[in-house]
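**Q** Sharing a structure here in structure tokens format.
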Amino acid sequence: MAKIIDGKKVSAGVRADIAAETAKLREERGLKVGLAVVIVGNNPASRVYVNNKKKACEEVGFQSFEYAMDENTTEEQLLDLITVLNHDDRVNGILVQLPLPKQINEKAIINAIVPEKDVDAFHPVNVGKIMIGDYSFLPCTPAGVMELIASTGTDITGKNCVVVGRSNIVGKPMAMLLLHQNGTVTICHSKTKNLREICLGADILVVAVGKADFVTGDMIKEGAVVIDVGMNRRENGKLCGDVEFESAEKKASYITPVPGGVGPMTITMLMKNTLTAAKQQAGI
């Protein structure tokens, strides 16, 4: 039976470290860390995320600046705000909550944020740096996954790592981070043939496809570390992941639950990126 990887516990440890370092920088150097969060429109899920980010900022001792714009905001108005935030010294990190209303081009907005304040690591410059292994910021979810794997004491070097999903936000950067830790990485997706056989070869299996119970226990190698990035809602309203937990738990050595696994790590890694940004901007 697998050991459960407690994302809340790992996240709390990382946040405590961030809070301690933030307090020390404020006392010793007078450095205040600031995150600007921009939300456009009134998407209820986005509002929950933004509120959680504000709470996390309070917890670690950051200033948070919220910019709530109505859903009729034009792309030009949003770009004007980003230009102001790019030049605002109080703001170390800028996060624009996605998705944006259809009249606004997300790509144009992401590209307008200066790379050194792009704490989501979505800007092409930061994406390229992750590719070559010379990065300051990591995309928050894959970075959180790496912390969770590290918490199990698993050495990634030489392990067969399978990533199911090839999104720009999770799948692709996830594969790169595992590769930088000397894993042998296979990326699977909707067109992959023999998916079950490939998954059965994985010492470390990361699943991020957005389909409930997509990976079942018979696809998992005995003793594998299984990380479930999925967050789906069943018809009865309960949350579940992309991995069928009950059958997977019998095969894996370690497994993340949903909720309470990868989820708590994502905002924590955003805080870590913001602290990194503040230190770099201050020349520390």
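Each chain of the structure tokens is named A, B, ... in the order shown, its residues numbered from 1; ligands are numbered from 1 in display order.
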Please list as number ranges by chain every residue within 9 Å of stretch 105-116 of chain A, counting only C-alpha atoms and excluding residues in the same chain fewer than 6 positions away.

**A** A: 75, 78-79, 82-83, 85-86, 92-96, 98-99, 122-126, 136-137, 277, 280-281

**Q** Write the residues you've just listed into a file as a CSV table (one decimal), in the first residue's frame, and include C-alpha atoms for each of them.

**A**
chain,number,residue,atom,x,y,z
A,75,GLU,CA,-6.8,44.6,-24.4
A,78,LEU,CA,-4.9,45.8,-19.7
A,79,LEU,CA,-1.7,46.4,-21.5
A,82,ILE,CA,0.9,46.0,-17.2
A,83,THR,CA,3.2,48.8,-18.4
A,85,LEU,CA,3.2,47.5,-13.1
A,86,ASN,CA,6.4,46.8,-15.0
A,92,ASN,CA,8.3,42.3,-7.8
A,93,GLY,CA,6.0,39.9,-9.5
A,94,ILE,CA,3.0,40.3,-11.8
A,95,LEU,CA,0.3,37.6,-12.2
A,96,VAL,CA,-2.6,38.0,-14.6
A,98,LEU,CA,-6.2,33.3,-16.7
A,99,PRO,CA,-8.5,32.7,-18.5
A,122,PHE,CA,4.9,31.8,-19.0
A,123,HIS,CA,6.9,34.4,-20.9
A,124,PRO,CA,8.8,32.9,-23.9
A,125,VAL,CA,12.1,34.1,-22.4
A,126,ASN,CA,11.5,32.2,-19.2
A,136,SER,CA,15.3,31.9,-12.4
A,137,PHE,CA,11.6,30.9,-12.2
A,277,ALA,CA,12.2,38.0,-8.2
A,280,GLN,CA,17.2,39.5,-8.0
A,281,GLN,CA,15.7,43.0,-8.5

**Q** Would you please extract all alpha helix (DSSP H) residues from stretch 59-221 of chain A, as assigned by DSSP on the backbone, and give them as JSON, numbers by chain?

**A** {"A": [59, 60, 75, 76, 77, 78, 79, 80, 81, 82, 83, 84, 85, 86, 106, 107, 108, 109, 110, 111, 112, 124, 125, 126, 127, 128, 129, 130, 131, 132, 140, 141, 142, 143, 144, 145, 146, 147, 148, 149, 150, 151, 171, 172, 173, 174, 175, 176, 177, 178, 179, 180, 195, 196, 197, 198, 199, 200]}

**Q** Identify which of the residues A:Ala45, A:Val225, A:Lys117, A:Ser64 lies closest to A:Lys279, counting only C-alpha atoms when measuring atom-to-atom distances.

**A**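 Under the stated criterion, the closest residue is A:Lys117.
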
**Q** Do a neighbour search on stretch 185-188 of chain A at 6 Å with only C-alpha atoms, toss out local chain neighbours closer than 3 positions, and write the hits as a VMD selection string.

**A** chain A and resid 161 to 165 192

**Q** Mind dumping the selected residues with all heavy atoms as an mmCIF file, in the first residue's frame?

**A**
data_model
loop_
_atom_site.group_PDB
_atom_site.id
_atom_site.type_symbol
_atom_site.label_atom_id
_atom_site.label_comp_id
_atom_site.auth_asym_id
_atom_site.auth_seq_id
_atom_site.Cartn_x
_atom_site.Cartn_y
_atom_site.Cartn_z
ATOM 1 N N CYS A 161 11.014 8.147 -16.161
ATOM 2 C CA CYS A 161 9.978 9.114 -15.777
ATOM 3 C C CYS A 161 9.004 9.247 -16.942
ATOM 4 O O CYS A 161 9.425 9.516 -18.076
ATOM 5 C CB CYS A 161 10.590 10.476 -15.484
ATOM 6 S SG CYS A 161 11.914 10.421 -14.250
ATOM 7 N N VAL A 162 7.726 9.061 -16.672
ATOM 8 C CA VAL A 162 6.709 9.210 -17.717
ATOM 9 C C VAL A 162 5.777 10.354 -17.328
ATOM 10 O O VAL A 162 5.247 10.392 -16.215
ATOM 11 C CB VAL A 162 5.917 7.902 -17.922
ATOM 12 C CG1 VAL A 162 4.746 8.118 -18.886
ATOM 13 C CG2 VAL A 162 6.840 6.801 -18.445
ATOM 14 N N VAL A 163 5.619 11.300 -18.262
ATOM 15 C CA VAL A 163 4.702 12.430 -18.072
ATOM 16 C C VAL A 163 3.543 12.221 -19.037
ATOM 17 O O VAL A 163 3.751 12.129 -20.253
ATOM 18 C CB VAL A 163 5.400 13.779 -18.359
ATOM 19 C CG1 VAL A 163 4.419 14.940 -18.178
ATOM 20 C CG2 VAL A 163 6.620 13.963 -17.459
ATOM 21 N N VAL A 164 2.332 12.105 -18.516
ATOM 22 C CA VAL A 164 1.156 11.941 -19.370
ATOM 23 C C VAL A 164 0.476 13.305 -19.469
ATOM 24 O O VAL A 164 -0.059 13.805 -18.492
ATOM 25 C CB VAL A 164 0.189 10.880 -18.808
ATOM 26 C CG1 VAL A 164 -0.961 10.643 -19.791
ATOM 27 C CG2 VAL A 164 0.914 9.566 -18.530
ATOM 28 N N GLY A 165 0.568 13.908 -20.652
ATOM 29 C CA GLY A 165 0.067 15.271 -20.860
ATOM 30 C C GLY A 165 1.181 16.150 -21.391
ATOM 31 O O GLY A 165 2.317 16.048 -20.925
ATOM 32 N N THR A 192 -0.544 8.996 -28.307
ATOM 33 C CA THR A 192 0.435 7.971 -27.945
ATOM 34 C C THR A 192 -0.155 6.572 -28.117
ATOM 35 O O THR A 192 -1.274 6.315 -27.680
ATOM 36 C CB THR A 192 0.892 8.164 -26.483
ATOM 37 O OG1 THR A 192 1.501 9.446 -26.361
ATOM 38 C CG2 THR A 192 1.895 7.100 -26.066
#

**Q** For the contact check between stretch 197-242 of chain A and stretch 248-255 of chain A, emit one row per residue of stretch 197-242 of chain A within 6 Å, containing the shortest atom pair and the distance in Å rounded to one decimal, counting only C-alpha atoms, chain then rising number order, as CSV.

**A**
residue,atom,partner,partner_atom,distance
A:Gly217,CA,A:Ala248,CA,4.0
A:Glu222,CA,A:Lys251,CA,4.8
A:Gly223,CA,A:Ser253,CA,4.3
A:Ala224,CA,A:Ala252,CA,4.7
A:Val225,CA,A:Tyr254,CA,4.8
A:Val226,CA,A:Ile255,CA,4.7
A:Ile227,CA,A:Ile255,CA,5.9

**Q** Would you output that residue set with N, CA and C atoms, as a compact mmCIF listing (two decimals), in the first residue's frame?

**A**
# COMPACT_ATOMS: atom_id res chain seq x y z
N GLY A 217 -4.91 1.38 -11.88
CA GLY A 217 -3.87 0.60 -11.21
C GLY A 217 -3.14 -0.37 -12.13
N GLU A 222 4.67 -1.76 -10.07
CA GLU A 222 4.80 -2.00 -8.63
C GLU A 222 5.91 -1.11 -8.06
N GLY A 223 5.57 -0.28 -7.05
CA GLY A 223 6.59 0.55 -6.40
C GLY A 223 6.85 1.90 -7.05
N ALA A 224 6.06 2.25 -8.05
CA ALA A 224 6.25 3.55 -8.72
C ALA A 224 5.84 4.72 -7.81
N VAL A 225 6.44 5.89 -8.06
CA VAL A 225 6.00 7.14 -7.42
C VAL A 225 4.98 7.78 -8.37
N VAL A 226 3.76 8.00 -7.89
CA VAL A 226 2.68 8.49 -8.76
C VAL A 226 2.24 9.88 -8.31
N ILE A 227 2.35 10.83 -9.22
CA ILE A 227 1.95 12.22 -8.95
C ILE A 227 0.76 12.55 -9.84

**Q** At what distance in Å, to one decimal, does atom CA of A:Ala278 lie from atom CA of A:Gly34?

**A**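 It comes out at 7.8 Å.
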
**Q** May I have the residues within 9 Å of A:Met219 as a list in words, using only C-alpha atoms and disregarding those fewer than 3 positions away in the same chain?

**A**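 Those residues are Leu195, Arg196, Glu197, Ile198, Cys199, Leu200, Gly201, Val215, Thr216 and Ala248 of chain A.
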
**Q** From the DSSP assignment of the backbone, select every residue of stretch 198-284 of chain A that is strand (DSSP E or B), and format the answer as a VMD selection string.

**A** chain A and resid 204 to 207 215 225 to 228 232 to 233 239 to 240 243 254 to 255

**Q** Next, dump the selected residues to file, keeping only N, CA, C and O atoms, as a PDB file, in the first residue's frame.

**A**
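Everything below was put into again-v6.pdb:
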ATOM      1  N   ILE A 204       8.689   6.818 -12.066  1.00  0.00           N
ATOM      2  CA  ILE A 204       8.001   8.039 -11.617  1.00  0.00           C
ATOM      3  C   ILE A 204       6.967   8.372 -12.687  1.00  0.00           C
ATOM      4  O   ILE A 204       7.312   8.536 -13.862  1.00  0.00           O
ATOM      5  N   LEU A 205       5.712   8.464 -12.287  1.00  0.00           N
ATOM      6  CA  LEU A 205       4.619   8.712 -13.238  1.00  0.00           C
ATOM      7  C   LEU A 205       3.903   9.997 -12.839  1.00  0.00           C
ATOM      8  O   LEU A 205       3.380  10.105 -11.725  1.00  0.00           O
ATOM      9  N   VAL A 206       3.910  10.987 -13.747  1.00  0.00           N
ATOM     10  CA  VAL A 206       3.225  12.265 -13.501  1.00  0.00           C
ATOM     11  C   VAL A 206       2.079  12.369 -14.504  1.00  0.00           C
ATOM     12  O   VAL A 206       2.301  12.305 -15.713  1.00  0.00           O
ATOM     13  N   VAL A 207       0.859  12.511 -13.999  1.00  0.00           N
ATOM     14  CA  VAL A 207      -0.319  12.492 -14.875  1.00  0.00           C
ATOM     15  C   VAL A 207      -1.017  13.852 -14.824  1.00  0.00           C
ATOM     16  O   VAL A 207      -1.410  14.317 -13.752  1.00  0.00           O
ATOM     17  N   VAL A 215      -5.847   7.151 -15.562  1.00  0.00           N
ATOM     18  CA  VAL A 215      -4.819   6.128 -15.315  1.00  0.00           C
ATOM     19  C   VAL A 215      -5.304   5.222 -14.186  1.00  0.00           C
ATOM     20  O   VAL A 215      -5.664   5.694 -13.109  1.00  0.00           O
ATOM     21  N   VAL A 225       6.437   5.892  -8.057  1.00  0.00           N
ATOM     22  CA  VAL A 225       6.000   7.140  -7.417  1.00  0.00           C
ATOM     23  C   VAL A 225       4.984   7.778  -8.370  1.00  0.00           C
ATOM     24  O   VAL A 225       5.303   8.038  -9.528  1.00  0.00           O
ATOM     25  N   VAL A 226       3.763   8.000  -7.892  1.00  0.00           N
ATOM     26  CA  VAL A 226       2.683   8.488  -8.760  1.00  0.00           C
ATOM     27  C   VAL A 226       2.242   9.880  -8.307  1.00  0.00           C
ATOM     28  O   VAL A 226       1.833  10.077  -7.159  1.00  0.00           O
ATOM     29  N   ILE A 227       2.350  10.829  -9.225  1.00  0.00           N
ATOM     30  CA  ILE A 227       1.949  12.217  -8.949  1.00  0.00           C
ATOM     31  C   ILE A 227       0.764  12.555  -9.838  1.00  0.00           C
ATOM     32  O   ILE A 227       0.868  12.536 -11.070  1.00  0.00           O
ATOM     33  N   ASP A 228      -0.362  12.896  -9.211  1.00  0.00           N
ATOM     34  CA  ASP A 228      -1.608  13.172  -9.922  1.00  0.00           C
ATOM     35  C   ASP A 228      -1.867  14.678  -9.927  1.00  0.00           C
ATOM     36  O   ASP A 228      -2.197  15.267  -8.903  1.00  0.00           O
ATOM     37  N   ASN A 232     -10.516  17.161 -11.166  1.00  0.00           N
ATOM     38  CA  ASN A 232     -11.784  17.002 -11.877  1.00  0.00           C
ATOM     39  C   ASN A 232     -12.915  16.906 -10.859  1.00  0.00           C
ATOM     40  O   ASN A 232     -12.689  16.541  -9.719  1.00  0.00           O
ATOM     41  N   ARG A 233     -14.113  17.230 -11.317  1.00  0.00           N
ATOM     42  CA  ARG A 233     -15.273  17.136 -10.416  1.00  0.00           C
ATOM     43  C   ARG A 233     -16.224  16.061 -10.939  1.00  0.00           C
ATOM     44  O   ARG A 233     -16.634  16.100 -12.088  1.00  0.00           O
ATOM     45  N   LEU A 239     -14.394  16.023  -5.748  1.00  0.00           N
ATOM     46  CA  LEU A 239     -13.189  16.227  -6.537  1.00  0.00           C
ATOM     47  C   LEU A 239     -12.434  14.913  -6.693  1.00  0.00           C
ATOM     48  O   LEU A 239     -12.401  14.097  -5.767  1.00  0.00           O
ATOM     49  N   CYS A 240     -11.826  14.740  -7.861  1.00  0.00           N
ATOM     50  CA  CYS A 240     -10.977  13.561  -8.063  1.00  0.00           C
ATOM     51  C   CYS A 240      -9.866  13.926  -9.038  1.00  0.00           C
ATOM     52  O   CYS A 240      -9.916  14.961  -9.705  1.00  0.00           O
ATOM     53  N   VAL A 243      -5.868  10.042 -11.846  1.00  0.00           N
ATOM     54  CA  VAL A 243      -5.478   8.675 -11.498  1.00  0.00           C
ATOM     55  C   VAL A 243      -6.582   8.060 -10.642  1.00  0.00           C
ATOM     56  O   VAL A 243      -7.074   8.698  -9.704  1.00  0.00           O
ATOM     57  N   TYR A 254       4.558   5.569  -3.461  1.00  0.00           N
ATOM     58  CA  TYR A 254       4.092   6.882  -2.988  1.00  0.00           C
ATOM     59  C   TYR A 254       3.061   7.397  -3.979  1.00  0.00           C
ATOM     60  O   TYR A 254       3.206   7.202  -5.184  1.00  0.00           O
ATOM     61  N   ILE A 255       2.054   8.100  -3.462  1.00  0.00           N
ATOM     62  CA  ILE A 255       1.024   8.660  -4.355  1.00  0.00           C
ATOM     63  C   ILE A 255       0.478   9.954  -3.753  1.00  0.00           C
ATOM     64  O   ILE A 255       0.403  10.100  -2.522  1.00  0.00           O
TER      65      ILE A 255
END

**Q** Pick the closest to A:Thr22 from A:Ala68, A:Glu147, A:Lys272, A:Asp134: which is it, counting only C-alpha atoms?

**A**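 Comparing A:Ala68, A:Glu147, A:Lys272, A:Asp134 against A:Thr22, the winner is A:Lys272.
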
**Q** Considering only C-alpha atoms, state which residue in the set A:Gly158, A:Gly13, A:Pro142, A:Pro173 is at the smallest distance from A:Val229.

**A**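 Closest residue, counting only C-alpha atoms: A:Pro142.
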
**Q** Choose the residue, out of A:Val48, A:Ala12, A:Asp70, A:Ile149, that has the smallest atom-to-atom separation from A:Thr256; count only C-alpha atoms.

**A**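 Nearest to A:Thr256: A:Ile149.
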